[in-house]
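Chemist: Okay, so here is final-v7.csv, and as you'll see once you scroll down, it has CSV, C-alpha atoms and all ligand atoms.
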chain,number,residue,atom,x,y,z
H,3,MET,CA,-14.9,-91.4,32.7
H,4,THR,CA,-18.1,-91.8,30.7
H,5,ASN,CA,-19.1,-89.9,27.6
H,6,ARG,CA,-21.5,-87.8,29.6
H,7,ASP,CA,-18.6,-86.4,31.7
H,8,LEU,CA,-16.8,-85.2,28.6
H,9,PRO,CA,-17.5,-81.9,26.9
H,10,PRO,CA,-18.8,-82.4,23.4
H,11,LEU,CA,-16.3,-82.6,20.6
H,12,ILE,CA,-18.2,-80.0,18.6
H,13,GLU,CA,-21.2,-77.9,19.8
H,14,PHE,CA,-22.9,-75.5,17.4
H,15,LYS,CA,-25.5,-73.2,18.9
H,16,ASN,CA,-27.5,-71.0,16.5
H,17,ILE,CA,-24.7,-70.8,14.0
H,18,SER,CA,-25.4,-69.0,10.7
H,19,LEU,CA,-22.8,-68.3,8.0
H,20,MET,CA,-22.8,-65.9,5.1
H,21,ARG,CA,-20.7,-66.5,2.0
H,22,GLY,CA,-20.8,-63.5,-0.2
H,23,GLU,CA,-24.5,-62.6,-0.4
H,24,ARG,CA,-25.7,-66.1,0.4
H,25,LEU,CA,-26.8,-67.5,3.7
H,26,CYS,CA,-25.1,-70.9,3.6
H,27,LEU,CA,-25.7,-72.1,7.1
H,28,LYS,CA,-29.0,-71.3,8.8
H,29,ASN,CA,-29.3,-71.4,12.5
H,30,ILE,CA,-27.4,-74.7,13.0
H,31,ASN,CA,-27.8,-76.4,16.3
H,32,LEU,CA,-25.6,-79.5,16.5
H,33,VAL,CA,-23.9,-81.4,19.2
H,34,ILE,CA,-21.3,-84.1,18.4
H,35,ASN,CA,-20.2,-85.9,21.4
H,36,GLN,CA,-16.7,-87.3,21.8
H,37,ARG,CA,-16.2,-90.9,20.7
H,38,GLN,CA,-19.5,-90.9,18.8
H,39,SER,CA,-18.9,-91.5,15.1
H,40,LEU,CA,-21.4,-89.9,12.7
H,41,ALA,CA,-22.1,-89.0,9.1
H,42,ILE,CA,-23.2,-85.6,7.8
H,43,LEU,CA,-25.0,-86.2,4.6
H,44,GLY,CA,-26.4,-83.8,2.1
H,45,PRO,CA,-26.7,-83.1,-1.7
H,46,ASN,CA,-24.4,-80.6,-3.6
H,47,GLY,CA,-24.8,-77.1,-2.2
H,48,ALA,CA,-26.4,-78.3,1.1
H,49,GLY,CA,-23.6,-76.5,3.1
H,50,LYS,CA,-21.3,-79.4,4.0
H,51,SER,CA,-18.1,-77.7,3.0
H,52,SER,CA,-19.3,-74.5,4.7
H,53,LEU,CA,-19.9,-76.5,7.9
H,54,ILE,CA,-16.4,-78.0,7.8
H,55,LYS,CA,-14.8,-74.7,7.1
H,56,THR,CA,-16.6,-73.2,10.1
H,57,ILE,CA,-15.3,-76.0,12.3
H,58,THR,CA,-11.7,-75.6,11.0
H,59,ARG,CA,-11.9,-71.8,11.5
H,60,GLU,CA,-11.5,-71.0,7.8
H,61,LEU,CA,-14.9,-69.3,7.8
H,62,TYR,CA,-16.5,-67.3,10.7
H,63,PRO,CA,-20.2,-67.4,11.5
H,64,ILE,CA,-22.2,-64.2,11.6
H,65,PHE,CA,-22.9,-62.5,14.9
H,66,ASP,CA,-26.3,-63.4,16.3
H,67,PRO,CA,-27.6,-60.8,18.9
H,68,LEU,CA,-29.7,-63.6,20.5
H,69,GLY,CA,-26.6,-65.6,21.2
H,70,SER,CA,-24.7,-68.1,19.3
H,71,SER,CA,-21.6,-70.1,20.0
H,72,LEU,CA,-19.3,-72.7,18.4
H,73,ARG,CA,-17.4,-74.7,21.0
H,74,ILE,CA,-14.9,-77.5,20.4
H,75,LEU,CA,-14.0,-79.7,23.3
H,76,GLY,CA,-15.8,-77.1,25.5
H,77,ARG,CA,-13.6,-74.2,24.3
H,78,GLY,CA,-14.6,-71.2,22.1
H,79,ASN,CA,-11.0,-70.2,21.3
H,80,TRP,CA,-8.6,-72.5,19.4
H,81,ASP,CA,-5.4,-72.0,17.7
H,82,VAL,CA,-5.8,-73.6,14.2
H,83,PHE,CA,-2.7,-75.7,14.6
H,84,GLU,CA,-3.7,-76.9,18.1
H,85,LEU,CA,-7.2,-77.7,16.8
H,86,ARG,CA,-5.8,-79.8,13.9
H,87,SER,CA,-3.9,-82.1,16.2
H,88,GLN,CA,-7.2,-82.9,18.1
H,89,LEU,CA,-9.2,-83.2,15.0
H,90,GLY,CA,-7.5,-84.7,12.0
H,91,ILE,CA,-8.8,-83.1,8.8
H,92,VAL,CA,-8.9,-85.3,5.7
H,93,SER,CA,-9.7,-83.6,2.5
H,94,ALA,CA,-8.3,-84.1,-1.0
H,95,GLU,CA,-7.2,-80.5,-0.9
H,96,VAL,CA,-4.6,-81.3,1.8
H,97,LEU,CA,-2.2,-83.0,-0.6
H,98,ARG,CA,-0.9,-80.2,-2.8
H,99,GLN,CA,0.2,-81.3,-6.3
H,100,ASP,CA,2.4,-78.3,-6.9
H,101,ILE,CA,5.0,-79.5,-4.3
H,102,SER,CA,7.4,-82.3,-5.1
H,103,GLN,CA,7.6,-84.6,-2.1
H,104,THR,CA,7.7,-88.3,-1.3
H,105,CYS,CA,4.7,-89.9,0.4
H,106,GLN,CA,6.8,-90.3,3.6
H,107,GLU,CA,7.6,-86.6,3.6
H,108,ALA,CA,3.9,-85.8,3.1
H,109,VAL,CA,3.0,-87.9,6.0
H,110,LEU,CA,5.7,-86.4,8.2
H,111,SER,CA,4.6,-82.9,7.3
H,112,GLY,CA,1.4,-83.7,9.3
H,113,TYR,CA,3.4,-83.2,12.5
H,114,PHE,CA,3.8,-79.5,11.6
H,115,GLY,CA,0.5,-78.9,9.9
H,116,SER,CA,2.5,-77.6,6.9
H,117,PRO,CA,2.0,-78.5,3.2
H,118,TYR,CA,5.5,-80.0,3.0
H,119,LEU,CA,8.3,-81.1,5.3
H,120,ARG,CA,10.3,-77.9,5.8
H,121,ASP,CA,13.0,-79.3,8.1
H,122,ALA,CA,13.6,-83.1,8.3
H,123,GLY,CA,16.0,-82.4,11.2
H,124,LEU,CA,13.0,-81.7,13.4
H,125,ILE,CA,11.8,-85.3,13.0
H,126,SER,CA,12.9,-87.5,15.9
H,127,PRO,CA,13.3,-91.3,15.4
H,128,LYS,CA,10.2,-91.8,17.5
H,129,MET,CA,8.2,-89.5,15.3
H,130,LYS,CA,9.5,-91.3,12.2
H,131,THR,CA,8.6,-94.7,13.6
H,132,TYR,CA,5.1,-93.6,14.5
H,133,ALA,CA,4.6,-92.2,11.0
H,134,GLN,CA,5.8,-95.5,9.5
H,135,ASP,CA,3.3,-97.3,11.8
H,136,MET,CA,0.5,-95.1,10.4
H,137,MET,CA,1.7,-95.8,6.8
H,138,ASN,CA,1.5,-99.6,7.7
H,139,LEU,CA,-2.0,-99.1,9.1
H,140,LEU,CA,-3.1,-97.4,5.8
H,141,GLU,CA,-1.2,-100.1,3.8
H,142,ILE,CA,1.0,-97.5,2.0
H,143,ASP,CA,4.4,-98.4,3.5
H,144,HIS,CA,5.6,-99.5,0.1
H,145,LEU,CA,4.9,-96.0,-1.2
H,146,ALA,CA,7.3,-94.2,1.2
H,147,GLU,CA,9.8,-93.1,-1.4
H,148,ARG,CA,7.3,-92.5,-4.2
H,149,LEU,CA,6.5,-88.9,-5.2
H,150,THR,CA,3.0,-87.8,-4.3
H,151,ASP,CA,2.3,-86.8,-7.8
H,152,GLU,CA,3.1,-90.3,-9.0
H,153,ILE,CA,0.5,-92.2,-7.1
H,154,SER,CA,-3.2,-93.0,-7.7
H,155,SER,CA,-6.1,-91.0,-6.2
H,156,GLY,CA,-6.9,-93.9,-3.9
H,157,GLU,CA,-3.3,-94.1,-2.6
H,158,ALA,CA,-3.2,-90.3,-2.2
H,159,ARG,CA,-6.3,-90.4,-0.1
H,160,ARG,CA,-4.6,-93.0,2.2
H,161,VAL,CA,-1.5,-90.7,2.4
H,162,VAL,CA,-3.7,-87.9,3.6
H,163,ILE,CA,-5.3,-90.1,6.3
H,164,ALA,CA,-1.9,-91.3,7.5
H,165,ARG,CA,-0.8,-87.7,7.6
H,166,ALA,CA,-3.7,-86.7,9.8
H,167,LEU,CA,-3.2,-89.7,12.1
H,168,VAL,CA,0.5,-88.9,13.0
H,169,ASN,CA,-0.8,-86.4,15.6
H,170,ASN,CA,-2.9,-89.2,17.2
H,171,PRO,CA,-6.1,-87.1,16.9
H,172,GLN,CA,-9.1,-88.4,18.8
H,173,SER,CA,-11.2,-87.7,15.8
H,174,LEU,CA,-10.9,-87.7,12.0
H,175,LEU,CA,-13.1,-85.3,10.0
H,176,LEU,CA,-13.3,-86.7,6.5
H,177,ASP,CA,-14.6,-84.6,3.6
H,178,GLU,CA,-16.0,-86.7,0.7
H,179,PRO,CA,-13.3,-89.4,1.2
H,180,THR,CA,-14.2,-91.5,-1.8
H,181,THR,CA,-14.8,-88.8,-4.4
H,182,ASN,CA,-13.0,-89.7,-7.7
H,183,LEU,CA,-12.2,-93.2,-6.5
H,184,ASP,CA,-13.2,-96.3,-8.5
H,185,MET,CA,-15.4,-98.9,-6.8
H,186,LYS,CA,-12.5,-101.1,-5.6
H,187,SER,CA,-10.5,-98.2,-4.2
H,188,ALA,CA,-13.6,-96.7,-2.5
H,189,HIS,CA,-14.3,-100.1,-1.0
H,190,GLN,CA,-10.7,-100.5,0.3
H,191,LEU,CA,-10.8,-97.0,1.8
H,192,ARG,CA,-14.1,-97.8,3.6
H,193,GLN,CA,-12.5,-101.0,5.0
H,194,LEU,CA,-9.6,-98.9,6.3
H,195,LEU,CA,-12.0,-96.4,7.9
H,196,SER,CA,-13.7,-99.3,9.6
H,197,LYS,CA,-10.3,-100.5,10.9
H,198,ILE,CA,-9.4,-97.0,12.2
H,199,SER,CA,-12.8,-96.7,13.8
H,200,ASN,CA,-12.4,-100.0,15.5
H,201,LEU,CA,-9.0,-98.9,16.8
H,202,GLY,CA,-10.8,-96.1,18.7
H,203,THR,CA,-10.7,-93.1,16.5
H,204,GLN,CA,-13.9,-91.2,16.2
H,205,ILE,CA,-15.0,-90.8,12.5
H,206,ILE,CA,-16.9,-87.8,11.4
H,207,LEU,CA,-17.8,-88.3,7.8
H,208,VAL,CA,-19.1,-85.5,5.6
H,209,THR,CA,-20.4,-86.7,2.2
H,210,HIS,CA,-23.2,-86.8,-0.4
H,211,ASN,CA,-22.5,-90.5,-0.9
H,212,LEU,CA,-24.5,-92.6,1.5
H,213,THR,CA,-22.5,-95.7,0.5
H,214,ASP,CA,-19.5,-94.2,2.4
H,215,ILE,CA,-21.4,-94.6,5.7
H,216,ILE,CA,-19.5,-97.5,7.2
H,217,PRO,CA,-21.3,-99.9,9.6
H,218,GLU,CA,-19.5,-98.4,12.6
H,219,ILE,CA,-21.4,-95.1,12.1
H,220,ASN,CA,-24.7,-95.1,14.0
H,221,ARG,CA,-25.8,-91.5,13.8
H,222,VAL,CA,-26.7,-89.6,10.7
H,223,VAL,CA,-27.3,-85.8,10.3
H,224,MET,CA,-28.9,-84.8,7.0
H,225,LEU,CA,-28.2,-81.3,5.8
H,226,LYS,CA,-30.5,-79.5,3.3
H,227,ASP,CA,-30.3,-76.0,2.0
H,228,GLY,CA,-28.0,-74.9,4.9
H,229,SER,CA,-30.2,-76.3,7.6
H,230,ILE,CA,-30.4,-79.5,9.6
H,231,PHE,CA,-33.1,-81.6,8.0
H,232,ARG,CA,-32.9,-84.7,10.1
H,233,ASP,CA,-30.6,-85.9,12.9
H,234,GLY,CA,-30.8,-89.2,14.7
H,235,ALA,CA,-30.0,-92.9,14.8
H,236,LYS,CA,-29.0,-94.2,11.4
H,237,ILE,CA,-31.6,-96.9,11.3
H,238,GLU,CA,-34.4,-94.3,11.8
H,239,ILE,CA,-32.9,-91.6,9.5
H,240,MET,CA,-31.9,-93.7,6.5
H,241,THR,CA,-35.3,-94.1,5.0
H,242,GLU,CA,-36.6,-93.8,1.4
H,243,THR,CA,-38.9,-91.1,2.5
H,244,ASN,CA,-36.1,-89.0,4.0
H,245,PHE,CA,-33.8,-89.5,1.0
H,246,SER,CA,-36.5,-88.7,-1.5
H,247,GLU,CA,-37.1,-85.5,0.3
H,248,LEU,CA,-33.4,-84.7,0.8
H,249,PHE,CA,-32.5,-85.2,-2.8
H,250,GLY,CA,-35.7,-84.0,-4.3
H,251,PHE,CA,-36.8,-87.0,-6.2
H,252,GLU,CA,-38.2,-90.5,-5.6
H,253,VAL,CA,-35.4,-92.9,-4.6
H,254,ASN,CA,-35.2,-96.6,-3.6
H,255,LEU,CA,-33.0,-97.6,-0.7
H,256,LEU,CA,-31.1,-100.9,-0.3
H,257,ASN,CA,-29.4,-102.0,2.9
H,258,LYS,CA,-26.9,-104.8,2.4
H,259,ALA,CA,-24.2,-106.1,4.7
H,260,GLY,CA,-24.3,-102.9,6.8
H,261,PHE,CA,-24.0,-100.6,3.8
H,262,TYR,CA,-26.7,-98.5,2.1
H,263,TYR,CA,-27.3,-97.9,-1.6
H,264,LEU,CA,-29.7,-95.7,-3.5
H,265,TYR,CA,-31.1,-96.6,-6.9
I,1,LIG,N1,-17.2,-68.8,-1.9
I,1,LIG,C1,-18.5,-68.8,-2.0
I,1,LIG,N2,-19.2,-67.6,-2.1
I,1,LIG,C2,-20.5,-67.5,-2.1
I,1,LIG,N3,-21.3,-68.6,-2.0
I,1,LIG,C3,-20.7,-69.8,-1.9
I,1,LIG,C4,-19.3,-69.9,-1.9
I,1,LIG,N4,-19.0,-71.3,-1.7
I,1,LIG,C5,-20.1,-71.9,-1.7
I,1,LIG,N5,-21.2,-71.0,-1.8
I,1,LIG,C6,-22.6,-71.4,-1.8
I,1,LIG,O1,-22.9,-71.9,-0.4
I,1,LIG,C7,-23.8,-72.9,-0.5
I,1,LIG,C8,-23.3,-74.1,0.2
I,1,LIG,O2,-22.1,-74.5,-0.5
I,1,LIG,P1,-21.2,-75.7,0.1
I,1,LIG,O3,-20.0,-75.7,-0.8
I,1,LIG,O4,-20.9,-75.5,1.6
I,1,LIG,O5,-22.1,-76.9,-0.1
I,1,LIG,P2,-21.7,-78.5,-0.2
I,1,LIG,O6,-22.8,-79.2,0.5
I,1,LIG,O7,-20.3,-78.7,0.3
I,1,LIG,O8,-21.7,-78.8,-1.7
I,1,LIG,P3,-20.8,-79.8,-2.6
I,1,LIG,O9,-21.3,-81.2,-2.2
I,1,LIG,O10,-21.2,-79.4,-4.0
I,1,LIG,O11,-19.4,-79.5,-2.3
I,1,LIG,C9,-24.1,-73.1,-2.0
I,1,LIG,O12,-25.3,-72.5,-2.3
I,1,LIG,C10,-23.0,-72.5,-2.7
I,1,LIG,O13,-23.4,-72.0,-3.9
Take the structure in the file and give it back as structure tokens.
Ligand SMILES: Nc1ncnc2c1ncn2[C@@H]1O[C@H](COP(=O)(O)OP(=O)(O)OP(=O)(O)O)[C@@H](O)[C@H]1O
Modeler:
Amino acid sequence: MTNRDLPPLIEFKNISLMRGERLCLKNINLVINQRQSLAILGPNGAGKSSLIKTITRELYPIFDPLGSSLRILGRGNWDVFELRSQLGIVSAEVLRQDISQTCQEAVLSGYFGSPYLRDAGLISPKMKTYAQDMMNLLEIDHLAERLTDEISSGEARRVVIARALVNNPQSLLLDEPTTNLDMKSAHQLRQLLSKISNLGTQIILVTHNLTDIIPEINRVVMLKDGSIFRDGAKIEIMTETNFSELFGFEVNLLNKAGFYYLY
């Protein structure tokens, strides 16, 4: 089956969203095909979190009398739990610090989409082995028995990714994955994302940091003031002119070894 035969992973048609008195998303039209990794890039306040929360059904778009729709894998209706097993959501918020649990328990809780492992008896040996495999993949197997509030931010980010991967989702939606990480941890995390992408998981990266855009991502969508400002092939979209306009000041762009940097 080719990509063209598959329904898009995500399809926004004329989607607008209000938060309080503010129009945060304005008439968004966006198609994200299955298997196509992409980055959604925008400055603070551009609407990135609002877009993610609309996909995950935490926020609902406004009714548009001219017709609007939000489809995921061709369907308009999704149970949140079912949706999360297709689309692994990775955000720093997922790992709650008010719950005392080991890293392994946190990863296993991903099977149930719950903040902690309520009943370890529901974990079969097969589920446990797969979770261990995901911890190996993320290079956090040595942290299995450590408490999640006793690990670094970089390690916590990897726990959240392993937790999302236990459901074998076809796509990972990552919200600002390197925020608060130092240069080395951010670099290691990007290498792991490349590895996951090369193993066949679609990466949807939402960020203000263009350095997070791993070489495996070839499409970039720029979001500005709640609207899509640019959408296309990375090589065409990642230009000094576009970034200067997106961020509102003159920037210089450097492309080195497949990564981009602003200065
Ligand atoms: N709960 C809220 N109520 C009202 N307005 C909100 C709310 N949350 C965000 N906004 C506004 O919605 C707009 C988009 O915010 P959003 O958080 O989606 O942007 P963002 O691109 O994720 O920003 P950041 O990178 O700073 O997280 C902003 O103008 C913001 O002030």
Chemist: Counting only C-alpha atoms and all ligand atoms, which residue out of H:Asp177, H:Asp121, H:Asp81, H:Glu252 sits closest to ligand LIG 1 (chain I)?
Modeler: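 Of H:Asp177, H:Asp121, H:Asp81, H:Glu252, the one nearest ligand LIG 1 (chain I), counting only C-alpha atoms and all ligand atoms, is H:Asp177.
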Chemist: Could you tell me, counting all atoms listed in the file, which protein and nucleic acid residues lie no more than 8 Å from ligand LIG 1 (chain I), written as a list in words?
Modeler: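 Counting only what the definition allows, namely all atoms listed in the file, the set is Met20, Arg21, Gly22, Glu23, Arg24, Leu25, Cys26, Leu27, Gly44, Pro45, Asn46, Gly47, Ala48, Gly49, Lys50, Ser51, Ser52, Leu53, Thr209, His210, Leu225, Asp227 and Gly228 of chain H.
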Chemist: I want to know what sits within 12 Å of Leu256 in chain H, based on only C-alpha atoms, with residues of the same chain fewer than 5 positions away left out; could you give that as a PDB file with C-alpha atoms, in the coordinates of the input?
Modeler:
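As a result, result_36.pdb now contains:
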ATOM      1  CA  LEU H 212     -24.500 -92.600   1.500  1.00  0.00           C
ATOM      2  CA  THR H 213     -22.500 -95.700   0.500  1.00  0.00           C
ATOM      3  CA  MET H 240     -31.900 -93.700   6.500  1.00  0.00           C
ATOM      4  CA  THR H 241     -35.300 -94.100   5.000  1.00  0.00           C
ATOM      5  CA  GLU H 242     -36.600 -93.800   1.400  1.00  0.00           C
ATOM      6  CA  PHE H 245     -33.800 -89.500   1.000  1.00  0.00           C
ATOM      7  CA  PHE H 261     -24.000-100.600   3.800  1.00  0.00           C
ATOM      8  CA  TYR H 262     -26.700 -98.500   2.100  1.00  0.00           C
ATOM      9  CA  TYR H 263     -27.300 -97.900  -1.600  1.00  0.00           C
ATOM     10  CA  LEU H 264     -29.700 -95.700  -3.500  1.00  0.00           C
ATOM     11  CA  TYR H 265     -31.100 -96.600  -6.900  1.00  0.00           C
TER      12      TYR H 265
END
Chemist: In terms of the shortest atom-to-atom distance over only C-alpha atoms, which of H:Leu119, H:Gly90, H:Phe83, H:Ala146 is closest to Leu207 in chain H?
Modeler: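 Using only C-alpha atoms, Leu207 in chain H sits closest to H:Gly90.
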Chemist: Of the candidates H:Thr150, H:Asn169, H:Ser246, H:Asn35, which shows the shortest atom-to-atom distance to Gln103 in chain H, using only C-alpha atoms?
Modeler: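 Under the stated criterion, the closest residue is H:Thr150.
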Chemist: When distances are computed from only C-alpha atoms, which of H:Gly156, H:Pro67, H:Pro179, H:Gly112 shows the smallest separation from Ile17 in chain H?
Modeler: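 Once distances to Ile17 in chain H are computed over only C-alpha atoms, the minimum belongs to H:Pro67.
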Chemist: Could you please determine the separation between CA of Leu68 in chain H and CA of Ile30 in chain H in Å, to one decimal place?
Modeler: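 Pair CA of Leu68 in chain H / CA of Ile30 in chain H returns 13.6 Å.
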Chemist: If we draw a sphere of 9 Å around (4.4, -86.1, -2.3), which residues have at least one atom in it when counting all atoms listed in the file? Please report them as a short mmCIF file (atom, residue, chain, number, x, y, z; two decimals) with C-alpha atoms, keeping the file's coordinate frame.
Modeler:
data_model
loop_
_atom_site.label_atom_id
_atom_site.label_comp_id
_atom_site.auth_asym_id
_atom_site.auth_seq_id
_atom_site.Cartn_x
_atom_site.Cartn_y
_atom_site.Cartn_z
CA LEU H 97 -2.20 -83.00 -0.60
CA ARG H 98 -0.90 -80.20 -2.80
CA GLN H 99 0.20 -81.30 -6.30
CA ILE H 101 5.00 -79.50 -4.30
CA SER H 102 7.40 -82.30 -5.10
CA GLN H 103 7.60 -84.60 -2.10
CA THR H 104 7.70 -88.30 -1.30
CA CYS H 105 4.70 -89.90 0.40
CA GLN H 106 6.80 -90.30 3.60
CA GLU H 107 7.60 -86.60 3.60
CA ALA H 108 3.90 -85.80 3.10
CA VAL H 109 3.00 -87.90 6.00
CA TYR H 118 5.50 -80.00 3.00
CA GLU H 147 9.80 -93.10 -1.40
CA ARG H 148 7.30 -92.50 -4.20
CA LEU H 149 6.50 -88.90 -5.20
CA THR H 150 3.00 -87.80 -4.30
CA ASP H 151 2.30 -86.80 -7.80
CA GLU H 152 3.10 -90.30 -9.00
CA ILE H 153 0.50 -92.20 -7.10
CA ALA H 158 -3.20 -90.30 -2.20
CA VAL H 161 -1.50 -90.70 2.40
#
Chemist: Need the shell around range 186-188 of chain H: protein/DNA/RNA residues with any atom at most 12 Å away, counting all atoms listed in the file. Skip same-chain ones fewer than 2 positions apart. Format as a list in words?
Modeler: Ser154, Ser155, Gly156, Glu157, Ala158, Arg159, Arg160, Glu178, Pro179, Thr180, Thr181, Asn182, Leu183, Asp184, Gln190, Leu191, Arg192, Gln193, Leu194, Leu195, Asn211, Thr213, Asp214, Ile215 and Ile216 of chain H
Chemist: Include C-alpha atoms and write out the residues we just selected as a CSV table (one decimal), keeping the file's coordinate frame.
Modeler:
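Result file part_5.csv:
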chain,number,residue,atom,x,y,z
H,154,SER,CA,-3.2,-93.0,-7.7
H,155,SER,CA,-6.1,-91.0,-6.2
H,156,GLY,CA,-6.9,-93.9,-3.9
H,157,GLU,CA,-3.3,-94.1,-2.6
H,158,ALA,CA,-3.2,-90.3,-2.2
H,159,ARG,CA,-6.3,-90.4,-0.1
H,160,ARG,CA,-4.6,-93.0,2.2
H,178,GLU,CA,-16.0,-86.7,0.7
H,179,PRO,CA,-13.3,-89.4,1.2
H,180,THR,CA,-14.2,-91.5,-1.8
H,181,THR,CA,-14.8,-88.8,-4.4
H,182,ASN,CA,-13.0,-89.7,-7.7
H,183,LEU,CA,-12.2,-93.2,-6.5
H,184,ASP,CA,-13.2,-96.3,-8.5
H,190,GLN,CA,-10.7,-100.5,0.3
H,191,LEU,CA,-10.8,-97.0,1.8
H,192,ARG,CA,-14.1,-97.8,3.6
H,193,GLN,CA,-12.5,-101.0,5.0
H,194,LEU,CA,-9.6,-98.9,6.3
H,195,LEU,CA,-12.0,-96.4,7.9
H,211,ASN,CA,-22.5,-90.5,-0.9
H,213,THR,CA,-22.5,-95.7,0.5
H,214,ASP,CA,-19.5,-94.2,2.4
H,215,ILE,CA,-21.4,-94.6,5.7
H,216,ILE,CA,-19.5,-97.5,7.2
